Amino acid sequence: MKRLQTLLLLALACMFSAVQAGLDTDLLQLQKQWAQANYATPEDEQEQAFEELVTRARALTEQYPDNAEPMVWLAIVLSTDAGVTGGLGALAKVKEARRLLEGALQIDATVLDGSAYTSLGSLYYQVPGWPIGFGDDEKAESNLKKALAINPDGIDPNYFYGDFMLEQDNYAEAMRYLQKAGMAPPRPDRPLADLGRKREITTKLAQARSKL
């Protein structure tokens, strides 16, 4: 009996490892496609690129319904798509993104090194406030600080907190966090995303310096 139980546990462990490996591969592919669409696709082709990417990301969440990572990435894709396409449909996309991020945090509060908190915080300061949207600077700061607590040296949490400080006209703090974002260790599996983010950091730093 014990031998049978051991074999069953080993089989389950192997199945879990195979599922996780498949998810990791799919997520890496999605990350690369997002970076390509966001940073290396002509503007007049981005809308179509993100429409296709939303479909792929949504399929991934359906394939792995109990995992937080695909939910976060669908939220990121929807948020970026909203910024690209604009219009009346943008608000529906960011509202769905918020629901996805809140759901992901219920599953795993530290998912993707705090990316759910980073993305949620960025939504709260970039989306208009009531009565148009759900923007809220206090919630933005709270979520962004939670992301920094999880991943204090990461490029994204420092970039978005620096950008939030820039939006708040706190130029010294914006400089501090943006500079830290620029010094973040590279992500070997995300070179295009890092390159694109560093260009954004350079732009934001110039804006902050011009105000000091």
# chains A, B, ... in the order shown; residues from 1 in each chain; ligands from 1
>>> residues_around(residues="stretch 22-37 of chain A", least_positions_apart="6", cutoff="12 Å", atoms="only C-alpha atoms", output="number ranges by chain")
A: 15-16, 43-81, 84, 112, 187-197
>>> residues_around(residues="A:Ile150", least_positions_apart="4", cutoff="7 Å", atoms="only C-alpha atoms", output="CSV table (one decimal) with N, CA and C atoms, in the first residue's frame")
chain,number,residue,atom,x,y,z
A,110,THR,N,2.1,37.4,-4.2
A,110,THR,CA,3.5,37.7,-4.6
A,110,THR,C,3.7,37.3,-6.1
A,113,ASP,N,6.7,38.3,-8.9
A,113,ASP,CA,7.5,39.3,-8.1
A,113,ASP,C,6.8,40.6,-7.9
A,114,GLY,N,5.5,40.5,-7.6
A,114,GLY,CA,4.8,41.7,-7.3
A,114,GLY,C,4.2,42.4,-8.5
A,146,LYS,N,3.5,48.2,-2.2
A,146,LYS,CA,3.4,46.8,-2.0
A,146,LYS,C,4.3,46.1,-3.0
>>> closest_residue(among="A:Leu123, A:Leu166, A:Ala174, A:Ile107", to="A:Ala82", atoms="only C-alpha atoms")
A:Leu123
>>> atom_distance(atom1="atom CA of A:Leu100", atom2="atom CA of A:Glu167")
25.0 Å
>>> closest_residue(among="A:Ile132, A:Ala97, A:Ile201, A:Ala109", to="A:Asp163", atoms="only C-alpha atoms")
A:Ile201
>>> residues_around(residues="A:Gly154", least_positions_apart="6", cutoff="9 Å", atoms="only C-alpha atoms", output="VMD selection string")
chain A and resid 113 148 180 to 181 184 to 185
>>> atom_distance(atom1="atom CA of A:Pro157", atom2="atom CA of A:Tyr125")
13.7 Å
>>> closest_residue(among="A:Val127, A:Met165, A:Ala147, A:Ile155", to="A:Ala92", atoms="only C-alpha atoms")
A:Val127
>>> select_by_dssp(residues="stretch 147-209 of chain A", states="alpha helix (DSSP H)", output="PyMOL selection string")
chain A and resi 147-150+155-167+171-182+191-209
>>> atom_distance(atom1="atom CA of A:Tyr177", atom2="atom CA of A:Tyr159")
6.5 Å
>>> closest_residue(among="A:Arg199, A:Ser142, A:Leu205, A:Gln126", to="A:Leu178", atoms="only C-alpha atoms")
A:Leu205
>>> residues_around(residues="stretch 209-211 of chain A", least_positions_apart="3", cutoff="8 Å", atoms="only C-alpha atoms", output="list in words")
Tyr171, Met175, Leu205 and Ala206 of chain A
>>> decode(residues="stretch 129-183 of chain A", atoms="C-alpha atoms", output="tab-separated table (two decimals), in the first residue's frame")
chain	number	residue	atom	x	y	z
A	129	GLY	CA	-11.06	59.21	-11.55
A	130	TRP	CA	-14.78	59.33	-10.79
A	131	PRO	CA	-17.20	59.83	-12.53
A	132	ILE	CA	-15.39	58.64	-15.66
A	133	GLY	CA	-13.23	55.86	-14.26
A	134	PHE	CA	-11.86	54.35	-11.06
A	135	GLY	CA	-8.58	56.26	-10.76
A	136	ASP	CA	-7.42	56.80	-7.17
A	137	ASP	CA	-4.01	58.17	-6.21
A	138	GLU	CA	-4.11	56.72	-2.68
A	139	LYS	CA	-4.80	53.24	-4.00
A	140	ALA	CA	-2.12	53.75	-6.63
A	141	GLU	CA	0.52	54.57	-4.04
A	142	SER	CA	-0.55	51.74	-1.74
A	143	ASN	CA	-0.30	49.11	-4.48
A	144	LEU	CA	2.95	50.44	-5.91
A	145	LYS	CA	4.56	50.39	-2.46
A	146	LYS	CA	3.45	46.79	-1.98
A	147	ALA	CA	5.13	45.93	-5.28
A	148	LEU	CA	8.34	47.63	-4.15
A	149	ALA	CA	8.25	45.72	-0.87
A	150	ILE	CA	8.17	42.44	-2.82
A	151	ASN	CA	10.68	43.44	-5.50
A	152	PRO	CA	12.63	46.49	-4.27
A	153	ASP	CA	15.29	46.39	-7.00
A	154	GLY	CA	13.08	45.50	-9.97
A	155	ILE	CA	12.92	47.68	-13.06
A	156	ASP	CA	9.12	47.79	-13.30
A	157	PRO	CA	8.12	48.62	-9.70
A	158	ASN	CA	10.76	51.37	-9.53
A	159	TYR	CA	9.83	52.74	-12.95
A	160	PHE	CA	6.11	52.92	-12.21
A	161	TYR	CA	6.60	54.40	-8.74
A	162	GLY	CA	8.96	56.97	-10.26
A	163	ASP	CA	6.40	57.76	-12.95
A	164	PHE	CA	3.69	58.09	-10.29
A	165	MET	CA	5.89	60.52	-8.36
A	166	LEU	CA	6.36	62.49	-11.58
A	167	GLU	CA	2.59	62.65	-11.99
A	168	GLN	CA	2.39	63.92	-8.40
A	169	ASP	CA	4.94	66.69	-9.17
A	170	ASN	CA	7.36	65.13	-6.67
A	171	TYR	CA	10.32	65.45	-9.02
A	172	ALA	CA	13.10	64.59	-6.57
A	173	GLU	CA	11.45	61.28	-5.64
A	174	ALA	CA	10.67	60.64	-9.28
A	175	MET	CA	14.36	61.04	-10.11
A	176	ARG	CA	15.38	58.71	-7.29
A	177	TYR	CA	13.13	55.84	-8.30
A	178	LEU	CA	13.64	56.27	-12.03
A	179	GLN	CA	17.41	56.19	-11.57
A	180	LYS	CA	17.07	53.04	-9.49
A	181	ALA	CA	14.92	51.52	-12.23
A	182	GLY	CA	17.65	52.32	-14.74
A	183	MET	CA	20.18	50.44	-12.61
